[in-house]
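Below is one structure; the comments refer to it alone.
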Amino acid sequence: MKTKKIFVCTECGAKSPRWIGKCPECNSWNSYVEQTETKSSSSSVSRQQSDSKIYKLADVPTEENYRISTGIKELDRVLGGGIIPGSIVLAGGDPGIGKSTLMLQMCGGIKEFAPLYVTGEESLQQIKFRAARIKGIDEEMLILAETNLEQIIYHISSSESRVIIVDSIQSIHSEKIEATPGSVVQIRECTSALMQLAKQTNKAIFVIGHVTKEGVIAGPKILEHMVDTVLQFEGEKTYSYRILRAIKNRFGSTNEIGIFDMSDAGLREVSNPSEIFLSSREVQEPGTSIVAAMEGSRPLLLEVQALVTPTSYGVPQRTSNGYDSRRLQMVLAVLEKRLGAQFQKNDVFVNITGGVSLSDTSVDLGVAAALISSLRDQALDAMTVIIGEIGLTGEVRSVANLERRIGECEKLGFKSVMIPQNSISKLSKKFDIKLLPTARISLALSTLFG
């Protein structure tokens, strides 16, 4: 075995034979640290007898009910239906967002699979105190306080647990690697060892990871490529709501989200998020509109707030929270060009209430209506939902999953919904709610404001 000194970027994992100030891969400064790399002295590959076997696709054994339900419907939704045995899942999020709480609650829902919670950051007493305030946690749940990788692998292999949680990967270290815990080399090698263990034992392993100040999971980017699923826990500190997203999922869709409400007793599932997000809205206020967005297969009704006010600066401000700022610039340009609306001397602020960030372009028309409402100081009908994407020529374009959006509006008691004109023929059923079809943004605003 040969060892040599190399320098590794702590942000992206790039390697260099010497120290350099700026990483050429991720452009971060002073991120290179010295590490020891071990390589085999033999360059030839010897032919050895292997225990592995080549299968035909038709001969691969499968199980009908191969997924394990977590007992948390929102988590099952994001995972694609449940836990896959032999998979490794990376869960990330800001400190205090609820990652450990969610994993503990999951352990309470899979008691029959003898879940094992491995903690490297908290003591056994701290875990017990946390579990005491969360309902449904079985006192027979298995806990291990350990940071040594070899010891963790031994306990996982010898236990009957089918689901294991490791909290967190940054606290785990291997004695075989000459690097500090949390370093790029330790994180990569420990994750690789846990991944091999999951495949060999057919046990599901959840790994909790810290995030950087930029909001991405700490460690080399290859970490996300190694695991089967990457979950991101999001939420504003000023709100109690938490959103769980699947950034990567080899066994399901990455479009689904799970919504939770953080309380003193743990995370509570939100089965009807639209009703929750609209519960505190002020009706008949200028600058507000209701939109129907899609997050995966789930329709969400949200309130858009806009504020247009004369600027006191040389350059007007354009600020958005929860809505793409570049998309906002486009909507403002269309309103100025096609309707003659004057925003040049006004500051513009747009906010999606509830701390939700939207990438769905179907909220464009609702944002435009809220902007005009604030500019004119004229309120919109509080019982009308606005759906539609805006094109550069001022047309209102069709959106996907329109029937689900309309059904959600009808279920929550709204009286009317504005939809794109060319989507009328695509509806396969009739709705009791009044439909307001529109083809252009000028006609839409004329209908909304009379």
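Ligands are numbered from 1 in the order shown, chains are lettered A, B, ... in the order of the structure tokens, and residues start at 1 in each chain.
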
Requested in this report: Using DSSP on the backbone coordinates, identify the residues of stretch 193-347 of chain A assigned to strand (DSSP E); present them as JSON, numbers by chain.
Outcome: {"A": [204, 205, 206, 207, 208, 209, 229, 230, 231, 232, 233, 234, 241, 242, 243, 244, 245, 246, 247, 248, 249, 257, 258, 259, 260, 261, 262, 263, 266, 267, 268, 269, 288, 289, 290, 291, 292, 293, 294, 295, 298, 299, 300, 301, 302, 303, 304, 305, 306, 307, 308, 309, 310, 318, 319, 320, 321, 346, 347]}

Exercise. Considering only C-alpha atoms, return as a VMD selection string whatever protein or nucleic-acid residues lie within 12 Å of A:Gln35, sequence-local ones (same chain, fewer than 5 positions apart) excluded.
Key: chain A and resid 3 to 10 13 to 19 177 to 180 183 to 186

Run DSSP on the backbone and tell me which residues of stretch 239-297 of chain A come out as alpha helix (DSSP H); list them as an NGL selection string. :A and (273-277)

Please produce an output containing all heavy atoms for each residue in the selection, written as a short mmCIF file (atom, residue, chain, number, x, y, z; two decimals), in the first residue's frame.
```
data_model
loop_
_atom_site.label_atom_id
_atom_site.label_comp_id
_atom_site.auth_asym_id
_atom_site.auth_seq_id
_atom_site.Cartn_x
_atom_site.Cartn_y
_atom_site.Cartn_z
N PRO A 273 -53.36 21.42 3.23
CA PRO A 273 -52.50 22.62 3.35
C PRO A 273 -53.13 23.89 2.80
O PRO A 273 -52.86 24.97 3.30
CB PRO A 273 -51.26 22.23 2.53
CG PRO A 273 -51.71 21.16 1.61
CD PRO A 273 -52.77 20.42 2.34
N SER A 274 -54.00 23.78 1.79
CA SER A 274 -54.62 24.97 1.21
C SER A 274 -55.43 25.73 2.26
O SER A 274 -55.37 26.95 2.36
CB SER A 274 -55.52 24.58 0.03
OG SER A 274 -54.77 23.98 -1.00
N GLU A 275 -56.19 24.97 3.05
CA GLU A 275 -57.02 25.60 4.08
C GLU A 275 -56.16 26.27 5.14
O GLU A 275 -56.49 27.34 5.66
CB GLU A 275 -57.93 24.54 4.71
CG GLU A 275 -59.01 25.12 5.60
CD GLU A 275 -60.01 24.06 6.04
OE1 GLU A 275 -59.79 22.87 5.72
OE2 GLU A 275 -60.99 24.43 6.71
N ILE A 276 -55.02 25.65 5.45
CA ILE A 276 -54.12 26.21 6.46
C ILE A 276 -53.49 27.51 5.95
O ILE A 276 -53.45 28.52 6.66
CB ILE A 276 -53.02 25.20 6.82
CG1 ILE A 276 -53.63 23.94 7.47
CG2 ILE A 276 -51.98 25.84 7.73
CD1 ILE A 276 -54.26 24.19 8.81
N PHE A 277 -53.00 27.50 4.70
CA PHE A 277 -52.31 28.66 4.17
C PHE A 277 -53.24 29.87 3.96
O PHE A 277 -52.79 31.00 3.95
CB PHE A 277 -51.63 28.31 2.84
CG PHE A 277 -50.45 27.39 3.00
CD1 PHE A 277 -50.26 26.33 2.13
CD2 PHE A 277 -49.54 27.58 4.00
CE1 PHE A 277 -49.18 25.48 2.27
CE2 PHE A 277 -48.45 26.74 4.17
CZ PHE A 277 -48.27 25.69 3.29
#
```

Stretch 72-137 of chain A residues near stretch 292-298 of chain A within 12 Å, closest pair each, using only C-alpha atoms, as a tab-separated table:
```
residue	atom	partner	partner_atom	distance
A:Glu74	CA	A:Arg298	CA	11.3
A:Arg77	CA	A:Ser297	CA	9.8
A:Val78	CA	A:Gly296	CA	9.4
A:Gly80	CA	A:Gly296	CA	11.3
```

Close residues, A:Gly407 itself excluded, 8 Å, only C-alpha atoms, min 4 positions apart in chain, as a PDB file with all heavy atoms, in the first residue's frame:
```pdb
ATOM      1  N   GLU A 403     -57.860  20.228 -13.891  1.00  0.00           N
ATOM      2  CA  GLU A 403     -59.034  19.678 -13.206  1.00  0.00           C
ATOM      3  C   GLU A 403     -58.783  19.514 -11.706  1.00  0.00           C
ATOM      4  O   GLU A 403     -59.686  19.745 -10.894  1.00  0.00           O
ATOM      5  CB  GLU A 403     -59.432  18.347 -13.837  1.00  0.00           C
ATOM      6  CG  GLU A 403     -60.000  18.490 -15.247  1.00  0.00           C
ATOM      7  CD  GLU A 403     -60.560  17.182 -15.767  1.00  0.00           C
ATOM      8  OE1 GLU A 403     -60.407  16.156 -15.070  1.00  0.00           O
ATOM      9  OE2 GLU A 403     -61.153  17.183 -16.865  1.00  0.00           O
ATOM     10  N   LYS A 411     -63.747  22.549  -3.631  1.00  0.00           N
ATOM     11  CA  LYS A 411     -63.811  21.910  -2.318  1.00  0.00           C
ATOM     12  C   LYS A 411     -63.713  22.931  -1.185  1.00  0.00           C
ATOM     13  O   LYS A 411     -64.334  22.769  -0.133  1.00  0.00           O
ATOM     14  CB  LYS A 411     -62.682  20.879  -2.187  1.00  0.00           C
ATOM     15  CG  LYS A 411     -62.714  20.085  -0.896  1.00  0.00           C
ATOM     16  CD  LYS A 411     -61.669  19.001  -0.895  1.00  0.00           C
ATOM     17  CE  LYS A 411     -60.267  19.565  -0.854  1.00  0.00           C
ATOM     18  NZ  LYS A 411     -59.236  18.515  -0.724  1.00  0.00           N
ATOM     19  N   PHE A 431     -68.026  21.227 -13.607  1.00  0.00           N
ATOM     20  CA  PHE A 431     -67.849  21.670 -12.239  1.00  0.00           C
ATOM     21  C   PHE A 431     -68.984  22.619 -11.864  1.00  0.00           C
ATOM     22  O   PHE A 431     -69.504  23.352 -12.712  1.00  0.00           O
ATOM     23  CB  PHE A 431     -66.500  22.376 -12.065  1.00  0.00           C
ATOM     24  CG  PHE A 431     -65.306  21.485 -12.265  1.00  0.00           C
ATOM     25  CD1 PHE A 431     -64.709  21.361 -13.519  1.00  0.00           C
ATOM     26  CD2 PHE A 431     -64.777  20.759 -11.207  1.00  0.00           C
ATOM     27  CE1 PHE A 431     -63.610  20.552 -13.708  1.00  0.00           C
ATOM     28  CE2 PHE A 431     -63.687  19.941 -11.391  1.00  0.00           C
ATOM     29  CZ  PHE A 431     -63.100  19.833 -12.630  1.00  0.00           C
TER      30      PHE A 431
END
```

Using only C-alpha atoms, find the one residue out of A:Thr119, A:Ile152, A:Gln344, A:Ser357 that sits nearest to A:Glu236.
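For A:Glu236, the nearest of the given residues is A:Ser357.
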
- request: Find the residues around stretch 129-144 of chain A up to 12 Å (only C-alpha atoms counted), leave out those fewer than 4 positions away in its own chain, and share them as JSON, numbers by chain.
  value: {"A": [71, 72, 98, 100, 101, 102, 103, 104, 105, 106, 107, 108, 109, 110, 111, 112, 113, 114, 115, 116, 117, 118, 119, 120, 121, 122, 123, 124, 125, 148, 151, 152, 153, 154, 155, 156, 159, 160, 161, 162, 163, 164, 165, 166, 167, 262, 263, 264, 265, 266, 267, 268]}

Those residues with C-alpha atoms, as a tab-separated table (two decimals), in the first residue's frame please?
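After the write, selection.tsv holds the following:
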```tsv
chain	number	residue	atom	x	y	z
A	71	GLY	CA	-46.69	5.35	9.38
A	72	ILE	CA	-46.41	8.99	8.27
A	98	GLY	CA	-36.94	19.04	12.49
A	100	SER	CA	-34.13	14.35	13.96
A	101	THR	CA	-37.71	14.81	15.15
A	102	LEU	CA	-39.06	13.42	11.87
A	103	MET	CA	-36.74	10.40	12.06
A	104	LEU	CA	-37.79	9.69	15.66
A	105	GLN	CA	-41.46	9.89	14.71
A	106	MET	CA	-40.78	7.54	11.82
A	107	CYS	CA	-39.29	5.05	14.30
A	108	GLY	CA	-42.57	5.19	16.22
A	109	GLY	CA	-44.47	4.15	13.08
A	110	ILE	CA	-42.31	1.13	12.21
A	111	LYS	CA	-42.04	-0.60	15.59
A	112	GLU	CA	-42.37	-4.06	14.04
A	113	PHE	CA	-39.15	-3.53	12.05
A	114	ALA	CA	-37.07	-2.83	15.21
A	115	PRO	CA	-35.62	0.51	14.05
A	116	LEU	CA	-32.16	1.43	15.35
A	117	TYR	CA	-31.33	5.09	15.99
A	118	VAL	CA	-27.57	5.78	15.91
A	119	THR	CA	-26.68	9.15	17.41
A	120	GLY	CA	-23.25	10.70	17.07
A	121	GLU	CA	-24.11	14.20	18.28
A	122	GLU	CA	-26.50	13.71	21.21
A	123	SER	CA	-26.28	11.55	24.29
A	124	LEU	CA	-28.71	8.75	25.08
A	125	GLN	CA	-30.37	10.93	27.72
A	148	ASN	CA	-16.85	5.00	15.24
A	151	GLN	CA	-18.43	-0.20	15.64
A	152	ILE	CA	-21.59	1.10	13.97
A	153	ILE	CA	-21.27	-1.41	11.12
A	154	TYR	CA	-20.75	-4.24	13.63
A	155	HIS	CA	-23.90	-3.34	15.60
A	156	ILE	CA	-26.01	-2.88	12.46
A	159	SER	CA	-28.89	-6.54	15.05
A	160	GLU	CA	-32.29	-7.54	13.71
A	161	SER	CA	-33.16	-3.95	12.81
A	162	ARG	CA	-34.37	-3.47	9.24
A	163	VAL	CA	-34.32	0.34	9.36
A	164	ILE	CA	-31.38	2.34	10.71
A	165	ILE	CA	-31.02	6.09	11.24
A	166	VAL	CA	-27.54	7.62	11.46
A	167	ASP	CA	-27.50	11.13	12.99
A	262	MET	CA	-44.00	21.89	13.95
A	263	SER	CA	-45.35	21.92	17.50
A	264	ASP	CA	-44.07	21.20	21.02
A	265	ALA	CA	-45.20	17.57	20.63
A	266	GLY	CA	-43.35	17.06	17.33
A	267	LEU	CA	-44.33	17.30	13.67
A	268	ARG	CA	-48.01	17.13	12.75
```
